[in-house]
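Peer 1: I'm passing along protein-v1.cif; it holds mmCIF, C-alpha atoms and all ligand atoms.
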```cif
data_structure
#
loop_
_atom_site.label_atom_id
_atom_site.label_comp_id
_atom_site.auth_asym_id
_atom_site.auth_seq_id
_atom_site.Cartn_x
_atom_site.Cartn_y
_atom_site.Cartn_z
CA MET A 15 133.02 23.87 72.13
CA THR A 16 136.42 23.10 73.65
CA ARG A 17 136.99 23.04 77.39
CA VAL A 18 140.56 23.52 78.61
CA PHE A 19 142.25 21.96 81.62
CA ASN A 20 142.15 24.99 83.91
CA PHE A 21 144.82 24.96 86.65
CA SER A 22 143.77 28.32 88.10
CA ALA A 23 144.28 28.85 91.84
CA GLY A 24 140.97 30.68 92.07
CA PRO A 25 138.39 31.39 90.93
CA ALA A 26 138.93 27.85 89.77
CA ALA A 27 137.48 25.10 87.61
CA LEU A 28 134.05 23.74 88.51
CA PRO A 29 132.81 20.20 87.80
CA GLU A 30 131.42 20.05 84.29
CA PRO A 31 128.15 18.31 85.31
CA VAL A 32 127.49 21.22 87.69
CA LEU A 33 127.93 23.77 84.91
CA ARG A 34 125.67 21.76 82.63
CA GLN A 35 122.94 21.52 85.23
CA ALA A 36 123.20 25.24 85.98
CA ALA A 37 122.88 25.94 82.24
CA GLU A 38 119.80 23.71 81.96
CA GLU A 39 118.18 25.39 84.92
CA MET A 40 119.21 28.90 83.97
CA LEU A 41 115.93 30.18 82.55
CA ASP A 42 113.49 28.11 84.57
CA TRP A 43 114.50 26.59 87.88
CA HIS A 44 112.28 23.55 88.63
CA GLY A 45 109.19 25.02 86.99
CA SER A 46 109.40 28.31 88.89
CA GLY A 47 109.56 30.18 85.56
CA MET A 48 112.67 32.06 86.65
CA SER A 49 116.38 31.81 87.17
CA VAL A 50 117.74 31.35 90.69
CA MET A 51 119.40 34.75 90.18
CA GLU A 52 115.99 36.36 89.90
CA MET A 53 114.41 34.85 92.99
CA SER A 54 113.60 36.60 96.23
CA HIS A 55 115.90 35.30 98.94
CA ARG A 56 112.83 35.13 101.16
CA GLY A 57 110.71 33.15 98.70
CA LYS A 58 110.02 29.46 99.28
CA GLU A 59 112.09 28.36 96.27
CA PHE A 60 115.29 30.02 97.42
CA ILE A 61 114.74 29.13 101.06
CA ALA A 62 114.58 25.47 99.92
CA ILE A 63 117.83 25.86 97.93
CA HIS A 64 119.56 27.50 100.88
CA ALA A 65 118.38 24.85 103.34
CA GLU A 66 119.44 22.01 101.06
CA THR A 67 122.89 23.56 100.50
CA GLU A 68 123.42 23.88 104.25
CA SER A 69 122.21 20.37 104.94
CA LEU A 70 124.50 18.89 102.27
CA LEU A 71 127.47 20.76 103.72
CA ARG A 72 126.59 19.51 107.21
CA GLU A 73 126.26 15.96 105.93
CA LEU A 74 129.48 15.94 103.91
CA LEU A 75 131.62 17.49 106.65
CA ALA A 76 129.67 15.77 109.48
CA VAL A 77 129.23 19.13 111.20
CA PRO A 78 128.16 18.63 114.85
CA THR A 79 124.79 20.13 115.83
CA ASN A 80 126.37 22.69 118.17
CA TYR A 81 127.95 24.45 115.19
CA LYS A 82 126.32 27.16 113.07
CA VAL A 83 126.87 27.16 109.32
CA LEU A 84 126.76 30.64 107.79
CA PHE A 85 126.85 31.72 104.14
CA LEU A 86 128.19 35.27 104.15
CA GLN A 87 129.84 37.84 101.91
CA GLY A 88 133.22 39.51 102.24
CA GLY A 89 135.50 36.60 101.31
CA ALA A 90 138.29 35.11 103.37
CA ILE A 91 140.05 38.46 103.38
CA GLY A 92 136.95 39.96 104.96
CA GLU A 93 137.05 37.19 107.56
CA ASN A 94 140.57 38.26 108.50
CA ALA A 95 138.88 41.23 110.21
CA ILE A 96 135.52 39.64 111.00
CA VAL A 97 137.08 36.79 112.99
CA PRO A 98 138.83 38.99 115.58
CA MET A 99 135.81 41.29 115.80
CA ASN A 100 133.66 38.32 116.76
CA LEU A 101 136.01 36.02 118.63
CA LEU A 102 138.07 38.25 120.92
CA ARG A 103 135.29 37.98 123.53
CA GLY A 104 136.89 40.44 125.93
CA ARG A 105 140.41 39.12 125.41
CA SER A 106 143.14 41.33 124.00
CA SER A 107 145.35 38.97 122.05
CA ALA A 108 145.26 36.04 119.65
CA ASP A 109 147.82 33.47 118.52
CA TYR A 110 148.67 33.16 114.83
CA VAL A 111 150.81 30.57 113.08
CA ASN A 112 152.59 32.02 110.06
CA THR A 113 152.97 29.55 107.20
CA GLY A 114 153.13 31.98 104.28
CA GLU A 115 151.41 34.65 102.22
CA TRP A 116 147.85 34.04 103.39
CA SER A 117 148.86 33.74 107.04
CA LYS A 118 150.72 37.05 106.73
CA LYS A 119 147.61 38.77 105.39
CA SER A 120 145.54 37.40 108.27
CA ILE A 121 148.12 38.56 110.80
CA LYS A 122 148.37 42.06 109.35
CA GLU A 123 144.61 42.53 109.46
CA ALA A 124 144.19 41.06 112.95
CA LYS A 125 146.69 43.60 114.31
CA LYS A 126 144.07 46.29 113.75
CA TYR A 127 141.90 44.64 116.39
CA CYS A 128 144.16 42.94 118.91
CA SER A 129 147.73 42.15 119.76
CA VAL A 130 149.01 39.21 117.78
CA ASN A 131 151.36 36.58 119.17
CA ILE A 132 153.17 34.68 116.41
CA ALA A 133 153.05 31.25 118.00
CA ALA A 134 155.18 29.71 115.25
CA SER A 135 156.52 30.71 111.86
CA GLY A 136 157.84 28.93 108.81
CA GLU A 137 159.65 32.08 107.72
CA ALA A 138 163.17 30.89 108.62
CA ALA A 139 162.64 27.95 106.25
CA ASN A 140 161.30 30.31 103.59
CA PHE A 141 157.78 28.93 104.21
CA THR A 142 158.54 25.49 102.86
CA ASN A 143 157.04 23.63 105.81
CA VAL A 144 154.46 23.69 108.59
CA PRO A 145 156.21 24.34 111.93
CA LYS A 146 156.00 21.27 114.16
CA GLN A 147 153.52 21.56 117.00
CA GLN A 148 156.22 20.93 119.65
CA ASP A 149 157.88 24.21 118.60
CA TRP A 150 154.72 26.33 118.91
CA LYS A 151 154.63 28.91 121.71
CA LEU A 152 150.93 29.07 122.48
CA ASP A 153 149.51 31.60 124.93
CA PRO A 154 146.86 30.00 127.17
CA GLY A 155 145.21 33.44 127.49
CA ALA A 156 144.80 33.90 123.74
CA ALA A 157 141.29 34.42 122.37
CA TYR A 158 141.96 31.84 119.67
CA VAL A 159 144.73 30.23 117.60
CA HIS A 160 144.60 31.00 113.87
CA ILE A 161 146.08 28.82 111.13
CA CYS A 162 145.86 28.71 107.35
CA SER A 163 145.25 25.01 106.65
CA ASN A 164 146.49 25.26 103.07
CA GLU A 165 148.77 28.01 101.80
CA THR A 166 147.46 28.45 98.27
CA ILE A 167 150.54 30.33 97.05
CA GLY A 168 153.33 28.39 98.80
CA GLY A 169 151.70 24.96 98.41
CA VAL A 170 152.09 24.07 102.11
CA GLU A 171 149.28 22.12 103.78
CA TYR A 172 148.54 20.80 107.28
CA HIS A 173 148.07 17.05 107.20
CA TRP A 174 147.35 17.03 110.94
CA THR A 175 145.16 19.00 113.30
CA PRO A 176 146.86 21.24 115.88
CA GLU A 177 146.05 20.67 119.55
CA THR A 178 145.17 23.96 121.26
CA GLY A 179 143.54 22.82 124.49
CA ASP A 180 140.74 25.12 125.62
CA VAL A 181 141.73 27.88 123.21
CA PRO A 182 139.56 27.66 120.07
CA LEU A 183 141.35 26.73 116.86
CA VAL A 184 140.42 28.91 113.86
CA ALA A 185 141.30 27.86 110.32
CA ASP A 186 141.26 29.62 106.97
CA MET A 187 140.36 26.61 104.80
CA SER A 188 139.69 28.60 101.63
CA SER A 189 141.78 26.38 99.40
CA ASN A 190 141.30 22.94 100.91
CA ILE A 191 137.79 22.85 102.36
CA MET A 192 135.80 19.90 100.96
CA SER A 193 138.98 18.27 99.64
CA ARG A 194 138.94 15.67 102.44
CA PRO A 195 137.10 14.87 105.67
CA VAL A 196 137.72 17.29 108.56
CA GLU A 197 137.11 16.69 112.25
CA VAL A 198 135.06 19.84 112.74
CA SER A 199 134.80 19.38 116.52
CA ARG A 200 138.54 20.08 116.81
CA TYR A 201 137.93 23.63 115.55
CA GLY A 202 136.19 26.63 117.08
CA LEU A 203 135.72 28.20 113.68
CA ILE A 204 136.40 27.32 110.05
CA TYR A 205 136.07 29.85 107.25
CA ALA A 206 136.53 29.64 103.51
CA GLY A 207 135.89 31.66 100.41
CA ALA A 208 134.04 29.49 97.90
CA GLN A 209 135.95 30.12 94.72
CA LYS A 210 138.64 27.45 95.11
CA ASN A 211 136.79 24.24 95.81
CA VAL A 212 133.13 25.06 96.43
CA GLY A 213 131.65 27.32 93.78
CA PRO A 214 131.79 30.80 92.31
CA ALA A 215 133.31 33.78 94.12
CA GLY A 216 130.85 35.64 96.32
CA VAL A 217 129.90 33.29 99.12
CA THR A 218 132.00 32.79 102.23
CA ILE A 219 131.40 29.75 104.40
CA VAL A 220 131.72 30.12 108.18
CA ILE A 221 131.31 27.11 110.47
CA VAL A 222 131.40 28.28 114.08
CA ARG A 223 130.82 26.68 117.48
CA GLU A 224 127.71 28.19 119.01
CA ASP A 225 129.19 29.11 122.39
CA LEU A 226 131.78 31.36 120.72
CA ILE A 227 129.30 33.79 119.20
CA GLY A 228 127.28 36.63 120.68
CA GLN A 229 130.14 38.71 122.05
CA ALA A 230 131.21 40.66 118.97
CA LEU A 231 132.97 44.00 119.44
CA PRO A 232 130.37 46.81 119.50
CA VAL A 233 131.82 48.31 116.30
CA THR A 234 131.23 45.07 114.35
CA PRO A 235 129.01 45.73 111.32
CA SER A 236 125.72 43.91 111.92
CA ALA A 237 126.06 42.02 108.63
CA PHE A 238 129.35 40.61 109.97
CA ASP A 239 128.14 39.77 113.46
CA TYR A 240 127.98 35.97 113.47
CA LYS A 241 125.23 35.96 116.12
CA GLN A 242 122.99 38.29 114.15
CA GLN A 243 123.57 36.25 111.01
CA ALA A 244 123.01 32.94 112.82
CA ASP A 245 119.76 34.24 114.32
CA ASN A 246 118.62 35.19 110.81
CA ASP A 247 119.71 32.01 108.96
CA SER A 248 122.42 34.05 107.16
CA MET A 249 119.74 36.37 105.82
CA PHE A 250 120.32 39.46 107.92
CA ASN A 251 121.32 40.96 104.56
CA THR A 252 120.69 39.54 101.10
CA PRO A 253 122.94 36.50 100.77
CA PRO A 254 124.85 35.74 97.55
CA THR A 255 121.99 33.63 96.26
CA TYR A 256 123.36 32.34 92.98
CA ALA A 257 126.72 31.40 94.51
CA ILE A 258 124.91 29.47 97.26
CA TYR A 259 122.86 27.61 94.63
CA ILE A 260 126.00 26.60 92.69
CA ALA A 261 127.69 25.52 95.94
CA GLY A 262 124.68 23.28 96.53
CA LEU A 263 125.11 21.69 93.09
CA VAL A 264 128.82 21.15 93.82
CA PHE A 265 127.96 19.48 97.16
CA LYS A 266 125.55 17.14 95.35
CA TRP A 267 128.32 16.32 92.89
CA ILE A 268 130.72 15.57 95.77
CA LYS A 269 128.13 13.29 97.33
CA ALA A 270 127.68 11.49 94.01
CA GLN A 271 131.47 10.92 93.89
CA GLY A 272 131.16 9.04 97.19
CA GLY A 273 131.62 11.91 99.65
CA LEU A 274 134.77 13.41 101.10
CA ALA A 275 136.62 10.17 101.84
CA ALA A 276 136.36 9.19 98.17
CA ILE A 277 137.25 12.73 97.08
CA GLU A 278 140.35 12.60 99.28
CA ARG A 279 141.53 9.33 97.70
CA HIS A 280 141.02 10.85 94.28
CA ASN A 281 142.93 14.01 95.29
CA ARG A 282 145.80 11.96 96.74
CA ASP A 283 146.11 9.95 93.54
CA LYS A 284 146.12 13.09 91.40
CA ALA A 285 148.72 14.87 93.55
CA ALA A 286 150.94 11.76 93.65
CA LEU A 287 151.08 11.67 89.84
CA LEU A 288 152.52 15.17 89.82
CA TYR A 289 154.81 14.95 92.87
CA ASP A 290 156.22 11.57 91.82
CA TYR A 291 157.20 13.03 88.51
CA LEU A 292 158.67 16.19 90.11
CA ASP A 293 160.75 13.96 92.41
CA SER A 294 162.07 11.93 89.49
CA THR A 295 163.66 14.83 87.61
CA GLN A 296 166.14 17.65 88.15
CA PHE A 297 164.51 19.69 85.41
CA TYR A 298 161.66 20.83 87.69
CA THR A 299 161.72 21.43 91.44
CA ASN A 300 159.19 21.80 94.25
CA PRO A 301 160.66 23.30 97.45
CA VAL A 302 158.11 22.08 100.01
CA ALA A 303 158.92 19.50 102.71
CA ARG A 304 157.41 16.20 101.59
CA GLU A 305 155.15 15.72 104.61
CA ASP A 306 153.69 19.23 104.21
CA ARG A 307 153.04 19.27 100.49
CA SER A 308 149.66 20.55 99.41
CA LEU A 309 147.31 18.18 97.63
CA MET A 310 145.58 21.21 96.09
CA ASN A 311 148.27 23.63 94.91
CA VAL A 312 151.54 22.36 93.50
CA PRO A 313 154.11 25.10 92.87
CA PHE A 314 157.15 24.14 90.82
CA LYS A 315 160.03 25.83 89.07
CA LEU A 316 161.85 25.06 85.88
CA ARG A 317 165.59 24.69 86.42
CA ASP A 318 166.09 27.47 83.89
CA ASP A 319 163.51 30.22 84.35
CA LYS A 320 164.32 31.57 80.87
CA LEU A 321 162.19 28.66 79.62
CA ASP A 322 159.10 29.76 81.61
CA ASP A 323 157.44 31.60 78.73
CA ALA A 324 158.00 28.73 76.30
CA PHE A 325 156.62 26.29 78.89
CA LEU A 326 153.45 28.33 79.38
CA LYS A 327 152.97 28.90 75.67
CA GLY A 328 153.32 25.18 74.88
CA ALA A 329 150.96 24.30 77.74
CA LYS A 330 148.34 26.64 76.34
CA GLU A 331 148.71 25.13 72.87
CA ASN A 332 148.03 21.78 74.51
CA GLY A 333 144.86 22.99 76.24
CA MET A 334 146.31 23.65 79.70
CA VAL A 335 145.96 27.15 81.12
CA GLN A 336 146.60 29.22 84.26
CA LEU A 337 149.85 27.48 85.16
CA LYS A 338 151.82 30.65 85.86
CA GLY A 339 152.92 30.85 89.49
CA HIS A 340 151.83 33.63 91.83
CA ARG A 341 153.68 36.88 91.12
CA SER A 342 155.23 36.83 94.61
CA VAL A 343 157.05 33.52 94.04
CA GLY A 344 157.32 33.16 90.25
CA GLY A 345 157.68 29.82 88.52
CA MET A 346 154.65 27.65 87.92
CA ARG A 347 151.72 26.46 89.99
CA ALA A 348 149.25 23.73 89.16
CA SER A 349 146.08 23.99 91.23
CA ILE A 350 144.37 20.62 91.19
CA TYR A 351 141.19 21.07 93.21
CA ASN A 352 138.35 18.55 93.33
CA ALA A 353 137.07 19.51 89.90
CA MET A 354 140.38 18.82 88.12
CA PRO A 355 139.98 15.40 86.53
CA VAL A 356 142.83 12.89 86.71
CA ALA A 357 143.06 13.21 82.91
CA GLY A 358 144.09 16.85 83.40
CA VAL A 359 146.99 15.92 85.68
CA GLN A 360 148.00 13.09 83.35
CA ALA A 361 148.02 15.53 80.43
CA LEU A 362 150.12 17.99 82.44
CA VAL A 363 152.71 15.36 83.43
CA ALA A 364 152.89 14.10 79.84
CA TYR A 365 153.44 17.66 78.64
CA MET A 366 156.10 18.32 81.30
CA LYS A 367 157.97 15.16 80.26
CA ALA A 368 157.83 16.10 76.60
CA PHE A 369 158.99 19.63 77.40
CA GLU A 370 161.89 18.28 79.43
CA ALA A 371 162.83 15.90 76.61
CA SER A 372 162.96 18.73 74.10
CA HIS A 373 164.58 21.39 76.36
CA GLY A 374 166.50 19.42 79.00
C1 LIG B 1 142.03 32.80 97.95
C2 LIG B 1 142.35 32.83 99.40
C3 LIG B 1 142.00 33.91 100.21
C4 LIG B 1 141.36 35.17 99.67
O1 LIG B 1 140.02 35.05 99.48
P1 LIG B 1 139.13 36.30 99.03
O2 LIG B 1 137.90 35.65 98.53
O3 LIG B 1 139.88 37.04 97.97
O4 LIG B 1 138.87 37.13 100.21
C5 LIG B 1 142.32 33.85 101.56
N1 LIG B 1 142.93 32.78 102.08
C6 LIG B 1 143.28 31.72 101.32
C7 LIG B 1 143.95 30.55 101.96
C8 LIG B 1 143.01 31.71 99.96
O5 LIG B 1 143.36 30.66 99.21
#
```
Rewrite the structure of this file - the entire thing - as structure tokens.
Ligand SMILES: *Cc1c(COP(=O)(O)O)cnc(C)c1O
Peer 2:
Amino acid sequence: MTRVFNFSAGPAALPEPVLRQAAEEMLDWHGSGMSVMEMSHRGKEFIAIHAETESLLRELLAVPTNYKVLFLQGGAIGENAIVPMNLLRGRSSADYVNTGEWSKKSIKEAKKYCSVNIAASGEAANFTNVPKQQDWKLDPGAAYVHICSNETIGGVEYHWTPETGDVPLVADMSSNIMSRPVEVSRYGLIYAGAQKNVGPAGVTIVIVREDLIGQALPVTPSAFDYKQQADNDSMFNTPPTYAIYIAGLVFKWIKAQGGLAAIERHNRDKAALLYDYLDSTQFYTNPVAREDRSLMNVPFKLRDDKLDDAFLKGAKENGMVQLKGHRSVGGMRASIYNAMPVAGVQALVAYMKAFEASHG
């Protein structure tokens, strides 16, 4: 068996010990005589798995007790609609900060439910930075302020937490949740699809302050009403049981690495290896402002895009896959989530140097 270094933006690589444990437990989970996939979500075995997964998430992120943690379906794109349905609370508009492709999708969807005020936009700079807070035009009457904490396609990340006063801050953290500690109390709501840094596709994490729920628009589907889900421990409908189980294994793995502070140090070291090399050469370029560079997704271009195919082919021959950039921006992208070992980034940098030496 050969495992590759998988730089996919999502669904993405999972820690190998997690996959091994899942394989060992596949046919018989802890003497139950069945796979987690085959369990009733209301049985005591799965209820224990669900409770442990939630408690590990609460512990790792230090989630305050006045926040609900929900494991839902629908993905982050689903949340683009579900958030306004739940959080407008009688208000008619919301503030959005536009930092790139994922922000734009959120904005477009929200416009179906409310009027959207673009409080700030990185568009003029071609989405190569996070607009500085002093330039934001926040509306004190907004229902909430929405940001995308890490633009997975553009490789732009917030390394600070916006200040929004009494207006709740909402963040799409799909591609950087669990990559570092987060001060949850600064947010009204955090949501994330699992398939970047948490587990398989299928489960969506929502962390929401209790006082914000219970006023969903009447048209909100019950399965997407945070209050109904919170009152039913995320089991108003059948939750994505297997994805929740794998997320729990990933959380245990994160804890064994020393928790989120240790994971962050590891992620900073990995990203520095790649950015330091990119900064040392003219052969490759990354367009993002230094202070806003993503630790998770590193887009880069070859000086001569006619070499792209040869670069990707050689990478594959060297056991490195999924380096092609998103179709909307072209070039390359290395996604280096928690599960990417430092050896993978070292191998990539070594390959990039060798490729430069032979093609530069
Ligand atoms: C991947 C991603 C999404 C889309 O998630 P789905 O699971 O496809 O709904 C949304 N936002 C961000 C920031 C992402 O990285």
Peer 1: What are the closest atom pairs, with distances in Å to one decimal, for all residues of chain A lying within 10 Å of ligand LIG 1 (chain B)? Consider only C-alpha atoms and all ligand atoms, order rows by chain and residue number, and present the result as JSON lines.
Peer 2:
```
{"residue": "A:Ala23", "atom": "CA", "partner": "B:LIG1", "partner_atom": "C1", "distance": 7.6}
{"residue": "A:Gly24", "atom": "CA", "partner": "B:LIG1", "partner_atom": "C1", "distance": 6.3}
{"residue": "A:Pro25", "atom": "CA", "partner": "B:LIG1", "partner_atom": "C1", "distance": 8.0}
{"residue": "A:Gln87", "atom": "CA", "partner": "B:LIG1", "partner_atom": "O2", "distance": 9.0}
{"residue": "A:Gly88", "atom": "CA", "partner": "B:LIG1", "partner_atom": "O4", "distance": 6.5}
{"residue": "A:Gly89", "atom": "CA", "partner": "B:LIG1", "partner_atom": "O4", "distance": 3.6}
{"residue": "A:Ala90", "atom": "CA", "partner": "B:LIG1", "partner_atom": "O4", "distance": 3.8}
{"residue": "A:Ile91", "atom": "CA", "partner": "B:LIG1", "partner_atom": "O4", "distance": 3.6}
{"residue": "A:Gly92", "atom": "CA", "partner": "B:LIG1", "partner_atom": "O4", "distance": 5.9}
{"residue": "A:Glu93", "atom": "CA", "partner": "B:LIG1", "partner_atom": "O4", "distance": 7.6}
{"residue": "A:Asn94", "atom": "CA", "partner": "B:LIG1", "partner_atom": "C5", "distance": 8.4}
{"residue": "A:Gly114", "atom": "CA", "partner": "B:LIG1", "partner_atom": "C7", "distance": 9.6}
{"residue": "A:Glu115", "atom": "CA", "partner": "B:LIG1", "partner_atom": "C7", "distance": 8.5}
{"residue": "A:Trp116", "atom": "CA", "partner": "B:LIG1", "partner_atom": "N1", "distance": 5.2}
{"residue": "A:Ser117", "atom": "CA", "partner": "B:LIG1", "partner_atom": "C7", "distance": 7.8}
{"residue": "A:Lys119", "atom": "CA", "partner": "B:LIG1", "partner_atom": "C5", "distance": 8.2}
{"residue": "A:Ser120", "atom": "CA", "partner": "B:LIG1", "partner_atom": "N1", "distance": 8.2}
{"residue": "A:Ile161", "atom": "CA", "partner": "B:LIG1", "partner_atom": "C7", "distance": 9.6}
{"residue": "A:Cys162", "atom": "CA", "partner": "B:LIG1", "partner_atom": "C7", "distance": 6.0}
{"residue": "A:Ser163", "atom": "CA", "partner": "B:LIG1", "partner_atom": "C7", "distance": 7.4}
{"residue": "A:Asn164", "atom": "CA", "partner": "B:LIG1", "partner_atom": "C7", "distance": 6.0}
{"residue": "A:Glu165", "atom": "CA", "partner": "B:LIG1", "partner_atom": "C7", "distance": 5.5}
{"residue": "A:Thr166", "atom": "CA", "partner": "B:LIG1", "partner_atom": "O5", "distance": 4.8}
{"residue": "A:Ile167", "atom": "CA", "partner": "B:LIG1", "partner_atom": "O5", "distance": 7.5}
{"residue": "A:Ala185", "atom": "CA", "partner": "B:LIG1", "partner_atom": "C7", "distance": 9.2}
{"residue": "A:Asp186", "atom": "CA", "partner": "B:LIG1", "partner_atom": "C7", "distance": 5.8}
{"residue": "A:Met187", "atom": "CA", "partner": "B:LIG1", "partner_atom": "C7", "distance": 6.0}
{"residue": "A:Ser188", "atom": "CA", "partner": "B:LIG1", "partner_atom": "C7", "distance": 4.7}
{"residue": "A:Ser189", "atom": "CA", "partner": "B:LIG1", "partner_atom": "O5", "distance": 4.6}
{"residue": "A:Asn190", "atom": "CA", "partner": "B:LIG1", "partner_atom": "C7", "distance": 8.1}
{"residue": "A:Ile191", "atom": "CA", "partner": "B:LIG1", "partner_atom": "C7", "distance": 9.9}
{"residue": "A:Tyr205", "atom": "CA", "partner": "B:LIG1", "partner_atom": "N1", "distance": 9.1}
{"residue": "A:Ala206", "atom": "CA", "partner": "B:LIG1", "partner_atom": "N1", "distance": 7.3}
{"residue": "A:Gly207", "atom": "CA", "partner": "B:LIG1", "partner_atom": "O2", "distance": 4.8}
{"residue": "A:Ala208", "atom": "CA", "partner": "B:LIG1", "partner_atom": "O2", "distance": 7.3}
{"residue": "A:Gln209", "atom": "CA", "partner": "B:LIG1", "partner_atom": "O2", "distance": 7.0}
{"residue": "A:Lys210", "atom": "CA", "partner": "B:LIG1", "partner_atom": "C1", "distance": 6.9}
{"residue": "A:Asn211", "atom": "CA", "partner": "B:LIG1", "partner_atom": "O5", "distance": 9.8}
{"residue": "A:Pro214", "atom": "CA", "partner": "B:LIG1", "partner_atom": "O2", "distance": 10.0}
{"residue": "A:Ala215", "atom": "CA", "partner": "B:LIG1", "partner_atom": "O2", "distance": 6.6}
{"residue": "A:Gly216", "atom": "CA", "partner": "B:LIG1", "partner_atom": "O2", "distance": 7.4}
{"residue": "A:Val217", "atom": "CA", "partner": "B:LIG1", "partner_atom": "O2", "distance": 8.4}
{"residue": "A:Thr218", "atom": "CA", "partner": "B:LIG1", "partner_atom": "O2", "distance": 7.5}
{"residue": "A:Asn311", "atom": "CA", "partner": "B:LIG1", "partner_atom": "O5", "distance": 9.6}
```
Peer 1: Using only C-alpha atoms, can you tell me which of A:Met99, A:Phe85, A:Leu263, A:Ala133 comes closest to Asp149 in chain A?
Peer 2: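 Of all the options, A:Ala133 lies closest to Asp149 in chain A.
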Peer 1: Which of these residues is nearest to Gly168 in chain A, using all atoms listed in the file: A:Pro301, A:Gly47, A:Gly213, A:Pro195?
Peer 2: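 Result for the nearest residue to Gly168 in chain A: A:Pro301.
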Peer 1: Could you check which of A:Gly169, A:Pro355, A:Gly374, A:Pro29 is closest to Leu309 in chain A, using all atoms listed in the file?
Peer 2: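 So, comparing all the options, the nearest one is A:Gly169.
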Peer 1: Please put the answer as lines of an AutoDock Vina configuration file: centre and edge lengths, in Å with one decimal, of a box along x, y and z that encloses all listed atoms of range 25-30 of chain A plus 4 Å on each side.
Peer 2:
```
center_x = 135.2
center_y = 25.7
center_z = 87.6
size_x = 15.5
size_y = 19.3
size_z = 14.6
```
Peer 1: List the spatial neighbours of Leu70 in chain A as number ranges by chain - criterion: any atom at most 10 Å away, only C-alpha atoms, same-chain residues fewer than 4 positions off excluded.
Peer 2: A: 65-66, 74-76, 261-266, 268-269
Peer 1: Taking into account only C-alpha atoms, which residue in the set A:Lys367, A:Lys241, A:Lys122, A:Lys58 is nearest to Ser294 in chain A?
Peer 2: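 Nearest candidate to Ser294 in chain A out of A:Lys367, A:Lys241, A:Lys122, A:Lys58: A:Lys367.
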Peer 1: Residues at most 8 Å from range 157-159 of chain A, counting all atoms listed in the file, excluding those fewer than 3 positions away in the same chain, as a compact mmCIF listing (two decimals) with C-alpha atoms, keeping the file's coordinate frame?
Peer 2:
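The resulting file, result23.txt, is shown below:
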```txt
# COMPACT_ATOMS: atom_id res chain seq x y z
CA LEU A 101 136.01 36.02 118.63
CA LEU A 102 138.07 38.25 120.92
CA ARG A 103 135.29 37.98 123.53
CA ARG A 105 140.41 39.12 125.41
CA SER A 106 143.14 41.33 124.00
CA SER A 107 145.35 38.97 122.05
CA ALA A 108 145.26 36.04 119.65
CA ASP A 109 147.82 33.47 118.52
CA TYR A 110 148.67 33.16 114.83
CA VAL A 111 150.81 30.57 113.08
CA LEU A 152 150.93 29.07 122.48
CA THR A 178 145.17 23.96 121.26
CA VAL A 181 141.73 27.88 123.21
CA PRO A 182 139.56 27.66 120.07
CA LEU A 183 141.35 26.73 116.86
CA VAL A 184 140.42 28.91 113.86
```
Peer 1: Using all atoms listed in the file, list the residues that have an atom at most 12 Å from (126.3, 34.8, 105.8), coordinates as in the file, as a PyMOL selection string.
Peer 2: chain A and resi 64+68+82-89+92-93+96+205-207+216-222+236-255+257-258
Peer 1: Would you mind reading off the distance between CA of Asp318 in chain A and CA of Gln296 in chain A, one decimal, in Å?
Peer 2: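 It comes out at 10.7 Å.
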Peer 1: Which protein, DNA or RNA residues have an atom at most 12 Å from (149.3, 17.0, 110.5), counting all atoms listed in the file? List them as a list in words.
Peer 2: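 Residues close enough to count: Asn143, Val144, Pro145, Lys146, Gln147, Ser163, Asn164, Val170, Glu171, Tyr172, His173, Trp174, Thr175, Pro176, Glu177, Val196, Glu305, Asp306, Arg307 and Ser308 of chain A.
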Peer 1: In Å, how far is it from CA of Asp225 in chain A to CA of Ala134 in chain A?
Peer 2: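 Pair CA of Asp225 in chain A / CA of Ala134 in chain A returns 27.0 Å.
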Peer 1: Would you please work out which residue, of A:Asn100, A:Asn332, A:Gln35, A:Gln271, is nearest to Leu226 in chain A when using only C-alpha atoms?
Peer 2: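 Nearest candidate to Leu226 in chain A out of A:Asn100, A:Asn332, A:Gln35, A:Gln271: A:Asn100.
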Peer 1: Please determine, counting all atoms listed in the file, which residue among A:Pro98, A:Lys330, A:Tyr259, A:Gly136 has the shortest atom-to-atom distance to Phe60 in chain A.
Peer 2: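 So, comparing all the options, the nearest one is A:Tyr259.
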Peer 1: Report, in Å with one decimal, the straight-line distance from CA of Val343 in chain A to CA of Asn140 in chain A.
Peer 2: 10.9 Å
Peer 1: Env of Ile350 in chain A: 9 Å cut, atoms = all atoms listed in the file, seq-sep filter 2 positions within chain, self excluded. Answer as a ChimeraX atom specification.
Peer 2: /A:20-23,27,281,284-285,309-312,348,352-355,358-359
Peer 1: Take the selection from the previous step and output its residues with C-alpha atoms, as a short mmCIF file (atom, residue, chain, number, x, y, z; two decimals), keeping the file's coordinate frame.
Peer 2:
```cif
data_model
loop_
_atom_site.label_atom_id
_atom_site.label_comp_id
_atom_site.auth_asym_id
_atom_site.auth_seq_id
_atom_site.Cartn_x
_atom_site.Cartn_y
_atom_site.Cartn_z
CA ASN A 20 142.15 24.99 83.91
CA PHE A 21 144.82 24.96 86.65
CA SER A 22 143.77 28.32 88.10
CA ALA A 23 144.28 28.85 91.84
CA ALA A 27 137.48 25.10 87.61
CA ASN A 281 142.93 14.01 95.29
CA LYS A 284 146.12 13.09 91.40
CA ALA A 285 148.72 14.87 93.55
CA LEU A 309 147.31 18.18 97.63
CA MET A 310 145.58 21.21 96.09
CA ASN A 311 148.27 23.63 94.91
CA VAL A 312 151.54 22.36 93.50
CA ALA A 348 149.25 23.73 89.16
CA ASN A 352 138.35 18.55 93.33
CA ALA A 353 137.07 19.51 89.90
CA MET A 354 140.38 18.82 88.12
CA PRO A 355 139.98 15.40 86.53
CA GLY A 358 144.09 16.85 83.40
CA VAL A 359 146.99 15.92 85.68
#
```
